[in-house]
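See below for model34.cif, which holds mmCIF, C-alpha atoms and all ligand atoms.
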```
data_structure
loop_
_atom_site.label_atom_id
_atom_site.label_comp_id
_atom_site.auth_asym_id
_atom_site.auth_seq_id
_atom_site.Cartn_x
_atom_site.Cartn_y
_atom_site.Cartn_z
CA MET D 1 -99.01 -105.65 -143.02
CA SER D 2 -95.68 -107.13 -144.13
CA LEU D 3 -95.53 -109.77 -146.83
CA SER D 4 -94.71 -113.26 -145.63
CA ASN D 5 -91.13 -114.32 -146.32
CA SER D 6 -92.46 -117.64 -147.59
CA ARG D 7 -92.87 -115.88 -150.96
CA TYR D 8 -89.14 -116.40 -151.43
CA LEU D 9 -89.46 -120.18 -151.34
CA SER D 10 -89.34 -122.04 -154.62
CA GLN D 11 -92.58 -123.62 -155.77
CA ARG D 12 -90.96 -127.00 -155.50
CA VAL D 13 -90.19 -126.52 -151.82
CA ALA D 14 -93.33 -124.58 -150.92
CA THR D 15 -95.50 -127.48 -152.04
CA LEU D 16 -93.62 -130.11 -150.01
CA LYS D 17 -95.74 -131.48 -147.17
CA PRO D 18 -94.20 -131.57 -143.69
CA SER D 19 -93.54 -135.16 -142.58
CA GLY D 20 -96.58 -136.71 -140.89
CA ILE D 21 -94.28 -138.46 -138.47
CA ARG D 22 -92.53 -135.35 -137.18
CA LYS D 23 -95.78 -133.58 -136.38
CA PHE D 24 -96.89 -136.52 -134.31
CA PHE D 25 -93.62 -136.89 -132.45
CA ASP D 26 -93.49 -133.26 -131.53
CA ILE D 27 -96.62 -134.01 -129.48
CA VAL D 28 -95.15 -137.25 -128.05
CA ALA D 29 -92.05 -135.32 -126.92
CA THR D 30 -94.18 -133.13 -124.64
CA MET D 31 -95.78 -136.11 -122.83
CA LYS D 32 -94.57 -138.28 -119.95
CA ASP D 33 -94.65 -142.09 -119.58
CA VAL D 34 -95.39 -142.71 -123.23
CA ILE D 35 -94.53 -146.16 -124.61
CA SER D 36 -93.39 -145.41 -128.09
CA LEU D 37 -93.95 -147.95 -130.83
CA GLY D 38 -93.38 -145.07 -133.18
CA ILE D 39 -89.63 -145.02 -133.43
CA GLY D 40 -88.11 -145.76 -136.83
CA GLU D 41 -84.64 -146.61 -135.60
CA PRO D 42 -82.95 -149.32 -133.52
CA ASP D 43 -83.32 -148.90 -129.75
CA PHE D 44 -79.87 -150.50 -129.42
CA VAL D 45 -76.87 -148.21 -129.23
CA THR D 46 -74.08 -148.85 -131.72
CA PRO D 47 -72.01 -151.91 -130.63
CA PRO D 48 -69.03 -150.69 -128.54
CA ALA D 49 -66.28 -152.00 -130.85
CA ILE D 50 -67.73 -149.97 -133.72
CA VAL D 51 -67.86 -146.86 -131.55
CA GLU D 52 -64.22 -147.47 -130.58
CA ALA D 53 -63.21 -147.71 -134.23
CA GLY D 54 -64.75 -144.30 -134.89
CA ILE D 55 -63.01 -142.75 -131.87
CA ASN D 56 -59.69 -144.38 -132.73
CA SER D 57 -59.81 -142.98 -136.25
CA LEU D 58 -60.13 -139.47 -134.82
CA ARG D 59 -57.25 -140.08 -132.39
CA ALA D 60 -55.17 -141.31 -135.32
CA GLY D 61 -55.68 -137.98 -137.06
CA GLU D 62 -58.35 -139.03 -139.55
CA THR D 63 -59.95 -135.62 -139.40
CA HIS D 64 -59.74 -134.66 -143.07
CA TYR D 65 -61.98 -135.09 -146.09
CA THR D 66 -61.78 -138.50 -147.68
CA SER D 67 -61.85 -139.14 -151.40
CA ASN D 68 -65.21 -137.96 -152.77
CA SER D 69 -66.18 -141.59 -153.24
CA GLY D 70 -65.30 -142.46 -149.64
CA ILE D 71 -62.40 -144.45 -148.21
CA LEU D 72 -61.39 -147.19 -150.61
CA ALA D 73 -61.18 -149.87 -147.91
CA LEU D 74 -64.84 -149.29 -147.07
CA ARG D 75 -65.90 -149.41 -150.72
CA GLN D 76 -63.92 -152.64 -151.11
CA ALA D 77 -65.54 -154.16 -148.03
CA ILE D 78 -69.03 -153.23 -149.29
CA ALA D 79 -68.30 -154.66 -152.75
CA ALA D 80 -66.99 -157.87 -151.16
CA GLN D 81 -70.06 -158.19 -148.96
CA LEU D 82 -72.45 -157.66 -151.90
CA GLN D 83 -70.53 -160.29 -153.84
CA ASN D 84 -70.56 -162.81 -150.99
CA SER D 85 -74.15 -162.25 -149.92
CA TYR D 86 -75.91 -161.74 -153.25
CA GLY D 87 -73.45 -162.65 -155.99
CA VAL D 88 -73.48 -159.12 -157.44
CA SER D 89 -70.18 -157.56 -158.57
CA TYR D 90 -69.33 -153.90 -158.24
CA ASN D 91 -65.93 -152.38 -158.93
CA PRO D 92 -65.08 -150.55 -155.69
CA THR D 93 -63.08 -147.94 -157.58
CA THR D 94 -65.74 -146.83 -160.05
CA GLU D 95 -69.09 -148.31 -159.00
CA VAL D 96 -69.54 -147.51 -155.30
CA VAL D 97 -69.88 -144.18 -153.49
CA ILE D 98 -70.14 -143.68 -149.73
CA THR D 99 -72.93 -141.26 -148.81
CA VAL D 100 -74.50 -139.54 -145.83
CA GLY D 101 -76.98 -142.34 -145.26
CA VAL D 102 -79.41 -143.78 -147.77
CA SER D 103 -81.20 -140.44 -147.49
CA GLU D 104 -78.40 -138.77 -149.43
CA ALA D 105 -77.89 -141.75 -151.72
CA LEU D 106 -81.53 -141.59 -152.75
CA TYR D 107 -81.35 -137.89 -153.45
CA LEU D 108 -78.22 -138.38 -155.54
CA ALA D 109 -79.74 -141.23 -157.52
CA LEU D 110 -82.91 -139.29 -158.30
CA THR D 111 -81.07 -136.09 -159.15
CA ALA D 112 -78.71 -137.99 -161.42
CA ILE D 113 -81.44 -139.64 -163.51
CA LEU D 114 -84.50 -137.37 -163.55
CA ASN D 115 -85.39 -134.70 -166.06
CA PRO D 116 -88.19 -132.28 -165.11
CA GLY D 117 -91.54 -134.06 -165.13
CA ASP D 118 -90.15 -137.60 -165.28
CA GLU D 119 -92.35 -139.97 -163.34
CA VAL D 120 -91.13 -142.36 -160.66
CA ILE D 121 -93.44 -145.18 -159.60
CA ILE D 122 -93.33 -145.85 -155.87
CA PRO D 123 -95.09 -148.81 -154.28
CA THR D 124 -96.80 -147.47 -151.15
CA PRO D 125 -97.04 -147.45 -148.16
CA CYS D 126 -93.37 -146.45 -148.22
CA PHE D 127 -90.67 -144.57 -146.34
CA VAL D 128 -91.88 -141.00 -145.77
CA ALA D 129 -89.11 -139.33 -147.78
CA TYR D 130 -89.60 -141.08 -151.13
CA GLN D 131 -92.30 -138.89 -152.64
CA SER D 132 -90.72 -135.63 -151.47
CA GLU D 133 -87.24 -136.62 -152.64
CA VAL D 134 -88.64 -137.31 -156.10
CA THR D 135 -90.32 -133.88 -156.09
CA LEU D 136 -87.12 -132.17 -154.91
CA ALA D 137 -85.21 -133.80 -157.75
CA GLY D 138 -87.70 -132.33 -160.24
CA GLY D 139 -89.67 -135.53 -160.86
CA THR D 140 -93.26 -136.56 -160.28
CA PRO D 141 -93.98 -139.32 -157.77
CA VAL D 142 -96.64 -141.83 -158.82
CA GLU D 143 -97.96 -143.89 -155.92
CA LEU D 144 -98.83 -147.54 -156.40
CA SER D 145 -100.95 -148.86 -153.54
CA CYS D 146 -100.05 -152.27 -152.11
CA PHE D 147 -102.50 -154.41 -150.18
CA ILE D 148 -102.52 -156.57 -147.08
CA GLU D 149 -104.00 -159.41 -149.18
CA ASP D 150 -100.66 -159.54 -151.04
CA ASP D 151 -98.57 -159.17 -147.88
CA PHE D 152 -97.97 -155.61 -149.10
CA GLN D 153 -96.01 -156.61 -152.17
CA PRO D 154 -96.65 -154.63 -155.36
CA ARG D 155 -99.13 -156.16 -157.83
CA PRO D 156 -97.19 -156.53 -161.07
CA ALA D 157 -100.30 -155.89 -163.23
CA ASN D 158 -100.98 -152.64 -161.39
CA LEU D 159 -97.35 -151.64 -161.76
CA GLU D 160 -97.45 -152.12 -165.50
CA ALA D 161 -100.74 -150.22 -165.73
CA ALA D 162 -99.15 -147.22 -163.96
CA ILE D 163 -96.44 -146.84 -166.59
CA THR D 164 -96.75 -143.87 -168.97
CA PRO D 165 -94.40 -142.45 -171.61
CA LYS D 166 -93.00 -140.23 -168.83
CA THR D 167 -92.08 -143.07 -166.47
CA LYS D 168 -88.36 -143.13 -165.87
CA ALA D 169 -87.90 -145.28 -162.81
CA ILE D 170 -89.37 -147.56 -160.17
CA LEU D 171 -88.34 -146.89 -156.59
CA LEU D 172 -88.48 -150.02 -154.44
CA GLY D 173 -87.87 -150.24 -150.70
CA TYR D 174 -87.66 -153.72 -149.20
CA PRO D 175 -87.59 -154.97 -146.50
CA ASN D 176 -90.19 -152.27 -146.27
CA ASN D 177 -90.71 -149.39 -143.92
CA PRO D 178 -93.55 -149.15 -142.73
CA THR D 179 -95.11 -152.54 -143.53
CA GLY D 180 -92.23 -154.92 -142.72
CA ALA D 181 -92.91 -156.69 -146.03
CA THR D 182 -90.14 -158.33 -147.96
CA TYR D 183 -90.60 -159.11 -151.64
CA THR D 184 -90.45 -162.69 -152.86
CA ARG D 185 -88.25 -163.72 -155.75
CA ALA D 186 -91.38 -164.42 -157.80
CA VAL D 187 -92.74 -160.88 -157.42
CA LEU D 188 -89.31 -159.33 -157.92
CA THR D 189 -88.85 -161.34 -161.12
CA GLU D 190 -92.13 -159.97 -162.48
CA ILE D 191 -91.08 -156.43 -161.56
CA ALA D 192 -87.76 -157.06 -163.31
CA GLN D 193 -89.49 -158.20 -166.49
CA ILE D 194 -91.65 -155.07 -166.49
CA ALA D 195 -88.59 -152.85 -165.94
CA ALA D 196 -86.85 -154.51 -168.88
CA ARG D 197 -89.91 -154.30 -171.15
CA HIS D 198 -90.28 -150.56 -170.54
CA ASP D 199 -86.58 -149.75 -170.21
CA LEU D 200 -86.90 -148.32 -166.70
CA VAL D 201 -84.27 -147.63 -164.07
CA VAL D 202 -84.85 -149.39 -160.75
CA ILE D 203 -83.70 -147.68 -157.59
CA SER D 204 -83.63 -150.36 -154.92
CA ASP D 205 -83.42 -149.22 -151.30
CA GLU D 206 -82.24 -152.29 -149.40
CA LEU D 207 -81.24 -150.54 -146.19
CA TYR D 208 -82.72 -153.30 -143.99
CA ASP D 209 -81.27 -156.20 -146.00
CA GLN D 210 -79.78 -157.98 -142.98
CA LEU D 211 -82.91 -157.64 -140.86
CA VAL D 212 -84.95 -160.50 -142.29
CA TYR D 213 -86.57 -163.36 -140.40
CA GLY D 214 -86.72 -166.88 -141.78
CA ILE D 215 -86.46 -165.71 -145.37
CA ALA D 216 -83.52 -164.91 -147.66
CA HIS D 217 -83.15 -161.35 -148.92
CA VAL D 218 -83.02 -161.18 -152.73
CA SER D 219 -81.03 -158.18 -153.91
CA PHE D 220 -82.56 -156.55 -156.98
CA PRO D 221 -79.40 -156.28 -159.13
CA SER D 222 -78.87 -160.05 -158.70
CA LEU D 223 -81.95 -160.76 -160.84
CA PRO D 224 -81.25 -161.70 -164.45
CA GLY D 225 -80.63 -158.63 -166.62
CA MET D 226 -81.15 -156.16 -163.77
CA TRP D 227 -77.60 -155.18 -162.81
CA ASP D 228 -77.34 -152.76 -165.74
CA ARG D 229 -80.45 -150.79 -164.87
CA THR D 230 -80.33 -150.85 -161.06
CA ILE D 231 -79.07 -148.29 -158.59
CA LEU D 232 -78.65 -150.20 -155.34
CA LEU D 233 -78.85 -148.24 -152.08
CA GLY D 234 -77.72 -149.62 -148.76
CA GLY D 235 -76.28 -148.51 -145.48
CA PHE D 236 -75.40 -148.94 -141.87
CA SER D 237 -78.18 -147.13 -140.00
CA LYS D 238 -80.49 -150.05 -139.35
CA ASN D 239 -78.44 -153.26 -139.68
CA TYR D 240 -75.70 -152.01 -137.34
CA ALA D 241 -77.72 -149.57 -135.19
CA MET D 242 -75.77 -146.60 -136.56
CA THR D 243 -78.46 -144.05 -137.51
CA GLY D 244 -76.61 -141.12 -135.99
CA TRP D 245 -73.34 -141.83 -137.79
CA ARG D 246 -74.90 -141.10 -141.18
CA VAL D 247 -73.25 -143.59 -143.50
CA GLY D 248 -74.77 -145.27 -146.54
CA TYR D 249 -73.82 -146.04 -150.09
CA ALA D 250 -74.98 -146.24 -153.68
CA ALA D 251 -73.72 -148.94 -156.05
CA ALA D 252 -74.40 -148.84 -159.77
CA PRO D 253 -72.78 -149.47 -163.17
CA ALA D 254 -69.86 -147.07 -163.70
CA GLU D 255 -71.58 -144.63 -166.10
CA LEU D 256 -74.54 -144.20 -163.76
CA LEU D 257 -72.35 -144.08 -160.68
CA GLN D 258 -70.14 -141.37 -162.16
CA GLY D 259 -73.25 -139.18 -162.64
CA ILE D 260 -74.29 -139.88 -159.06
CA LEU D 261 -70.77 -139.08 -157.86
CA ARG D 262 -70.84 -135.68 -159.58
CA VAL D 263 -73.93 -134.66 -157.60
CA HIS D 264 -72.30 -135.92 -154.39
CA GLN D 265 -69.04 -134.08 -155.15
CA TYR D 266 -70.74 -130.72 -155.47
CA THR D 267 -73.18 -131.05 -152.59
CA ILE D 268 -71.52 -133.13 -149.87
CA MET D 269 -67.84 -133.63 -150.85
CA SER D 270 -67.44 -136.73 -148.70
CA ALA D 271 -69.29 -138.55 -145.94
CA PRO D 272 -68.04 -137.92 -142.36
CA THR D 273 -64.58 -139.46 -142.03
CA PRO D 274 -64.76 -141.05 -138.54
CA ALA D 275 -68.17 -142.46 -139.41
CA GLN D 276 -66.67 -144.14 -142.46
CA PHE D 277 -64.00 -145.78 -140.30
CA ALA D 278 -66.65 -146.95 -137.85
CA ALA D 279 -68.65 -148.37 -140.77
CA LEU D 280 -65.56 -150.19 -142.01
CA HIS D 281 -65.19 -151.87 -138.63
CA ALA D 282 -68.91 -152.68 -138.63
CA ILE D 283 -68.79 -154.46 -141.95
CA GLN D 284 -65.55 -156.30 -141.13
CA TYR D 285 -66.30 -157.42 -137.58
CA GLY D 286 -69.92 -156.55 -136.80
CA GLN D 287 -71.78 -159.63 -138.04
CA GLY D 288 -72.03 -161.22 -134.58
CA ALA D 289 -73.59 -158.07 -133.17
CA VAL D 290 -76.03 -157.90 -136.09
CA ALA D 291 -77.05 -161.53 -135.46
CA GLU D 292 -77.71 -160.79 -131.78
CA MET D 293 -79.85 -157.75 -132.55
CA ARG D 294 -81.72 -159.63 -135.28
CA SER D 295 -82.56 -162.45 -132.93
CA GLU D 296 -83.89 -160.03 -130.31
CA TYR D 297 -85.98 -158.22 -132.97
CA ASP D 298 -87.34 -161.60 -134.02
CA ARG D 299 -88.43 -162.41 -130.45
CA ARG D 300 -90.26 -159.08 -130.24
CA ARG D 301 -91.71 -159.52 -133.73
CA LYS D 302 -93.39 -162.76 -132.71
CA LEU D 303 -94.78 -161.15 -129.55
CA ILE D 304 -96.21 -158.09 -131.26
CA VAL D 305 -97.67 -159.87 -134.29
CA SER D 306 -99.48 -162.49 -132.24
CA GLY D 307 -100.49 -159.88 -129.65
CA LEU D 308 -102.02 -157.53 -132.24
CA ASN D 309 -103.85 -160.36 -133.98
CA GLN D 310 -105.26 -161.53 -130.65
CA LEU D 311 -106.62 -158.03 -130.12
CA GLY D 312 -108.50 -158.38 -133.40
CA LEU D 313 -106.16 -156.02 -135.27
CA THR D 314 -105.33 -158.05 -138.38
CA THR D 315 -101.57 -158.07 -138.85
CA PHE D 316 -99.83 -159.98 -141.61
CA GLU D 317 -96.51 -161.57 -140.66
CA PRO D 318 -93.76 -159.06 -141.47
CA ARG D 319 -90.58 -160.83 -142.54
CA GLY D 320 -88.20 -157.88 -142.43
CA ALA D 321 -87.12 -154.58 -140.82
CA PHE D 322 -88.68 -153.96 -137.37
CA TYR D 323 -92.25 -152.88 -138.07
CA ALA D 324 -95.68 -154.46 -137.72
CA PHE D 325 -98.54 -152.90 -139.65
CA PRO D 326 -101.90 -153.78 -138.07
CA LYS D 327 -105.21 -152.96 -139.69
CA ILE D 328 -107.12 -150.88 -137.19
CA SER D 329 -110.41 -150.28 -139.01
CA VAL D 330 -112.31 -152.72 -136.71
CA SER D 331 -112.00 -149.98 -134.08
CA GLY D 332 -114.33 -147.85 -136.20
CA MET D 333 -111.68 -145.12 -136.28
CA ASP D 334 -109.50 -143.89 -139.10
CA ALA D 335 -105.75 -144.20 -138.63
CA ASP D 336 -105.19 -140.59 -137.54
CA THR D 337 -107.97 -140.69 -134.94
CA PHE D 338 -106.82 -144.11 -133.68
CA ALA D 339 -103.24 -142.92 -133.20
CA GLN D 340 -104.31 -139.65 -131.62
CA LYS D 341 -106.75 -141.23 -129.14
CA LEU D 342 -104.41 -144.11 -128.27
CA LEU D 343 -101.75 -141.57 -127.40
CA GLU D 344 -104.08 -139.34 -125.38
CA GLU D 345 -105.91 -142.11 -123.53
CA GLU D 346 -103.29 -144.83 -123.07
CA LYS D 347 -100.01 -143.08 -123.81
CA VAL D 348 -98.97 -145.48 -126.53
CA ALA D 349 -97.49 -143.89 -129.64
CA VAL D 350 -97.97 -145.52 -133.04
CA VAL D 351 -97.73 -143.83 -136.43
CA PRO D 352 -100.85 -143.46 -138.58
CA GLY D 353 -100.50 -145.29 -141.88
CA THR D 354 -101.51 -142.12 -143.74
CA ALA D 355 -97.97 -140.81 -143.14
CA PHE D 356 -96.66 -143.38 -145.62
CA GLY D 357 -98.78 -142.69 -148.69
CA ALA D 358 -101.67 -144.40 -150.46
CA GLY D 359 -102.73 -147.75 -149.06
CA GLY D 360 -101.93 -146.92 -145.43
CA GLU D 361 -105.27 -145.37 -144.50
CA GLU D 362 -106.61 -148.24 -142.40
CA PHE D 363 -103.32 -149.13 -140.72
CA VAL D 364 -100.86 -147.93 -138.12
CA ARG D 365 -97.15 -148.63 -137.91
CA CYS D 366 -95.92 -150.25 -134.70
CA SER D 367 -92.17 -150.43 -134.41
CA TYR D 368 -90.74 -153.28 -132.36
CA ALA D 369 -87.39 -151.56 -132.00
CA THR D 370 -88.29 -151.15 -128.36
CA ALA D 371 -87.84 -153.38 -125.30
CA TYR D 372 -89.82 -156.64 -125.06
CA GLU D 373 -91.38 -155.63 -121.73
CA LYS D 374 -92.53 -152.32 -123.15
CA ILE D 375 -94.21 -154.09 -126.04
CA GLU D 376 -96.01 -156.33 -123.53
CA GLU D 377 -97.22 -153.30 -121.62
CA ALA D 378 -98.23 -151.49 -124.85
CA LEU D 379 -100.34 -154.50 -125.86
CA LEU D 380 -102.14 -154.43 -122.49
CA ARG D 381 -102.85 -150.75 -122.90
CA MET D 382 -104.13 -151.31 -126.42
CA GLU D 383 -106.42 -154.08 -125.19
CA ARG D 384 -107.92 -151.68 -122.63
CA PHE D 385 -108.28 -149.04 -125.32
CA LEU D 386 -110.03 -151.35 -127.76
CA LYS D 387 -112.42 -152.68 -125.06
CA ARG D 388 -113.43 -149.12 -124.30
CA HIS D 389 -114.03 -148.33 -127.95
CA GLY D 390 -115.42 -151.73 -128.96
C1 LIG D 401 -86.60 -147.50 -146.09
C2 LIG D 401 -85.69 -146.43 -145.57
N1 LIG D 401 -84.81 -145.87 -146.43
C3 LIG D 401 -83.98 -144.89 -146.02
C4 LIG D 401 -83.98 -144.42 -144.73
C5 LIG D 401 -82.98 -143.37 -144.34
O1 LIG D 401 -81.89 -144.01 -143.81
P1 LIG D 401 -80.44 -143.39 -143.56
O2 LIG D 401 -80.30 -143.28 -142.08
O3 LIG D 401 -79.49 -144.39 -144.15
O4 LIG D 401 -80.40 -142.07 -144.24
C6 LIG D 401 -84.88 -144.98 -143.80
C7 LIG D 401 -84.92 -144.49 -142.40
O5 LIG D 401 -85.86 -144.71 -141.67
C8 LIG D 401 -85.74 -146.01 -144.24
O6 LIG D 401 -86.61 -146.59 -143.40
#
```

Have the structure of the file written as structure tokens, please.
Ligand SMILES: Cc1ncc(COP(=O)(O)O)c(C=O)c1O
Amino acid sequence: MSLSNSRYLSQRVATLKPSGIRKFFDIVATMKDVISLGIGEPDFVTPPAIVEAGINSLRAGETHYTSNSGILALRQAIAAQLQNSYGVSYNPTTEVVITVGVSEALYLALTAILNPGDEVIIPTPCFVAYQSEVTLAGGTPVELSCFIEDDFQPRPANLEAAITPKTKAILLGYPNNPTGATYTRAVLTEIAQIAARHDLVVISDELYDQLVYGIAHVSFPSLPGMWDRTILLGGFSKNYAMTGWRVGYAAAPAELLQGILRVHQYTIMSAPTPAQFAALHAIQYGQGAVAEMRSEYDRRRKLIVSGLNQLGLTTFEPRGAFYAFPKISVSGMDADTFAQKLLEEEKVAVVPGTAFGAGGEEFVRCSYATAYEKIEEALLRMERFLKRHG
């Protein structure tokens, strides 16, 4: 019998768990007539003028590498937007790098700051990649459960209790995937005080910053004393419906950013050039399109939240991103069984909350980045499902 080739894998990689979402969607892909509330990306295609800008850049011969940091005009536009929206100042020459999505930016940030065994506290439920990216960068993820009673915001006392001598950073993601929670200024201020007291870095993933409903987004580096210790991550995937273009950024004080840039230089070189030109157009001229998409998400958000609550699935009001996070334990099923049976019996795909770490066990994620009419139909199917299992 031959030895398995998996023996060549590093321990770090061999212990990584496959994403809970992928496994589920491999099954969905084999089925017909499924209404998917499982998708984690906009159902809209990229607005046409942004697409044109990408194509035009190629036609104009922009087919080369850019500066490692990305095209300066894009860094300037991002710095200007952060200044205008949140009052935070970054020098576009030394404090911003364009990355291949927030996915890369997160990996760079973690690799730049972690020594082996350093702990990173992550409020959960959270984006599926956080824990594994910390592990890949040599750190140890420490999950901090959040609760529906707090609208899924971290409890400051629990955060402080999770800190050990090995804690290096807190990794925040808000507006949050999968809960749709945004963090209030009051909670963020308490987190900031804890970060200062224990001299921690804060990595703040604010990828959905423009997708908020009836509430203002508070950017973490804008809080008193936080600019110096924050690595801000943002991007174009969700706000502008540009997931496939793969553009994001990291912004941080120059000394931190230069470390981040070194990792980027040796792994990626530069983000895709036409995608950077498309992103530049998006940030300069795309605000109208963002407003239109946001208002359509908001319409769907209201439908799905009231619909789920009427079905008896307690759902707090998500104020950001495009996810609702209903509690499904009244069905008597755990999240995995609920999602599995709902798919098999009614062909509605939702993602079990277990995919997103501690605290998600009794919940499923329902994305409303899908057409209004499909959400209506999905709610009818769920009603039938719950009656049968009630
Ligand atoms: C919170 C969060 N961060 C990061 C990402 C990755 O985004 P990007 O497409 O910018 O790599 C996602 C994608 O779903 C996300 O939800």

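Comparing D:Arg384, D:Lys238, D:His281, D:Lys327 by their smallest distance to ligand LIG 401 (chain D), the closest is D:Lys238 (using all atoms listed in the file).
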
(message) With distances taken over all atoms listed in the file, which residue among D:Phe25, D:Ala241, D:Asn309, D:Ser222 lies nearest Gly286 of chain D?
(response)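 Ranked by minimum distance to Gly286 of chain D, first place goes to D:Ala241.
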
Which residues of segment 36-115 of chain D have any atom within 12 Å of an atom in segment 354-365 of chain D when counting all atoms listed in the file, and what is the closest pair of atoms for each, with the distance in Å to one decimal? Order the rows by chain and rising number and write it as JSON lines.
```
{"residue": "D:Ser36", "atom": "CA", "partner": "D:Arg365", "partner_atom": "CA", "distance": 11.0}
{"residue": "D:Leu37", "atom": "CA", "partner": "D:Arg365", "partner_atom": "CA", "distance": 7.8}
{"residue": "D:Gly38", "atom": "CA", "partner": "D:Arg365", "partner_atom": "CA", "distance": 7.0}
{"residue": "D:Ile39", "atom": "CA", "partner": "D:Arg365", "partner_atom": "CA", "distance": 9.5}
{"residue": "D:Gly40", "atom": "CA", "partner": "D:Arg365", "partner_atom": "CA", "distance": 9.5}
```

Using all atoms listed in the file, list the residues that have an atom at most 10 Å from (-68.7, -147.1, -132.7), coordinates as in the file, as a JSON list (two decimals) with C-alpha atoms, in the coordinates of the input.
```
[["chain", "number", "residue", "atom", "x", "y", "z"],
["D", 45, "VAL", "CA", -76.87, -148.21, -129.23],
["D", 46, "THR", "CA", -74.08, -148.85, -131.72],
["D", 47, "PRO", "CA", -72.01, -151.91, -130.63],
["D", 48, "PRO", "CA", -69.03, -150.69, -128.54],
["D", 49, "ALA", "CA", -66.28, -152.00, -130.85],
["D", 50, "ILE", "CA", -67.73, -149.97, -133.72],
["D", 51, "VAL", "CA", -67.86, -146.86, -131.55],
["D", 52, "GLU", "CA", -64.22, -147.47, -130.58],
["D", 53, "ALA", "CA", -63.21, -147.71, -134.23],
["D", 54, "GLY", "CA", -64.75, -144.30, -134.89],
["D", 55, "ILE", "CA", -63.01, -142.75, -131.87],
["D", 56, "ASN", "CA", -59.69, -144.38, -132.73],
["D", 240, "TYR", "CA", -75.70, -152.01, -137.34],
["D", 241, "ALA", "CA", -77.72, -149.57, -135.19],
["D", 242, "MET", "CA", -75.77, -146.60, -136.56],
["D", 245, "TRP", "CA", -73.34, -141.83, -137.79],
["D", 274, "PRO", "CA", -64.76, -141.05, -138.54],
["D", 275, "ALA", "CA", -68.17, -142.46, -139.41],
["D", 277, "PHE", "CA", -64.00, -145.78, -140.30],
["D", 278, "ALA", "CA", -66.65, -146.95, -137.85],
["D", 279, "ALA", "CA", -68.65, -148.37, -140.77],
["D", 281, "HIS", "CA", -65.19, -151.87, -138.63],
["D", 282, "ALA", "CA", -68.91, -152.68, -138.63]]
```

(request) State, in Å with one decimal place, the distance from atom CA of Leu114 of chain D to atom CA of Pro272 of chain D. (result)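 We find that atom CA of Leu114 of chain D and atom CA of Pro272 of chain D lie 26.8 Å from each other.
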
(message) Please identify all protein, DNA and RNA residues within 7 Å of ligand LIG 401 (chain D), counting all atoms listed in the file, and report them as a VMD selection string.
(response) chain D and resid 40 to 41 100 to 104 127 173 176 to 177 205 207 235 to 237 243 246 to 248

(request) Show which residues sit within 10 Å of Thr66 of chain D, as a PyMOL selection string. Count all atoms listed in the file, and ignore same-chain residues fewer than 6 positions away. (result) chain D and resi 72+269-274+276

(message) List the spatial neighbours of segment 310-317 of chain D as a PyMOL selection string - criterion: any atom at most 8 Å away, all atoms listed in the file, same-chain residues fewer than 5 positions off excluded.
(response) chain D and resi 148+151+305+324-328+330+383+386

(request) Enter the distance from atom CA of Pro154 of chain D to atom CA of Tyr183 of chain D, in Å, rounded to one decimal. (result)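 According to the coordinates, atom CA of Pro154 of chain D and atom CA of Tyr183 of chain D are separated by 8.4 Å.
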
(request) Please provide the set of residues having any atom within 12 Å of Leu232 of chain D, restricted to all atoms listed in the file, with same-chain residues fewer than 4 positions apart removed, written as a PyMOL selection string. (result) chain D and resi 78-79+82+88-90+95-97+102+105-106+108-109+171-174+201-207+209+219-222+226-228+248-253+256-257+260

Residues from last step as file, C-alpha atoms, as a CSV table (one decimal), in the coordinates of the input:
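Result saved to out19.csv:
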```
chain,number,residue,atom,x,y,z
D,78,ILE,CA,-69.0,-153.2,-149.3
D,79,ALA,CA,-68.3,-154.7,-152.8
D,82,LEU,CA,-72.4,-157.7,-151.9
D,88,VAL,CA,-73.5,-159.1,-157.4
D,89,SER,CA,-70.2,-157.6,-158.6
D,90,TYR,CA,-69.3,-153.9,-158.2
D,95,GLU,CA,-69.1,-148.3,-159.0
D,96,VAL,CA,-69.5,-147.5,-155.3
D,97,VAL,CA,-69.9,-144.2,-153.5
D,102,VAL,CA,-79.4,-143.8,-147.8
D,105,ALA,CA,-77.9,-141.8,-151.7
D,106,LEU,CA,-81.5,-141.6,-152.8
D,108,LEU,CA,-78.2,-138.4,-155.5
D,109,ALA,CA,-79.7,-141.2,-157.5
D,171,LEU,CA,-88.3,-146.9,-156.6
D,172,LEU,CA,-88.5,-150.0,-154.4
D,173,GLY,CA,-87.9,-150.2,-150.7
D,174,TYR,CA,-87.7,-153.7,-149.2
D,201,VAL,CA,-84.3,-147.6,-164.1
D,202,VAL,CA,-84.8,-149.4,-160.8
D,203,ILE,CA,-83.7,-147.7,-157.6
D,204,SER,CA,-83.6,-150.4,-154.9
D,205,ASP,CA,-83.4,-149.2,-151.3
D,206,GLU,CA,-82.2,-152.3,-149.4
D,207,LEU,CA,-81.2,-150.5,-146.2
D,209,ASP,CA,-81.3,-156.2,-146.0
D,219,SER,CA,-81.0,-158.2,-153.9
D,220,PHE,CA,-82.6,-156.6,-157.0
D,221,PRO,CA,-79.4,-156.3,-159.1
D,222,SER,CA,-78.9,-160.0,-158.7
D,226,MET,CA,-81.2,-156.2,-163.8
D,227,TRP,CA,-77.6,-155.2,-162.8
D,228,ASP,CA,-77.3,-152.8,-165.7
D,248,GLY,CA,-74.8,-145.3,-146.5
D,249,TYR,CA,-73.8,-146.0,-150.1
D,250,ALA,CA,-75.0,-146.2,-153.7
D,251,ALA,CA,-73.7,-148.9,-156.0
D,252,ALA,CA,-74.4,-148.8,-159.8
D,253,PRO,CA,-72.8,-149.5,-163.2
D,256,LEU,CA,-74.5,-144.2,-163.8
D,257,LEU,CA,-72.4,-144.1,-160.7
D,260,ILE,CA,-74.3,-139.9,-159.1
```
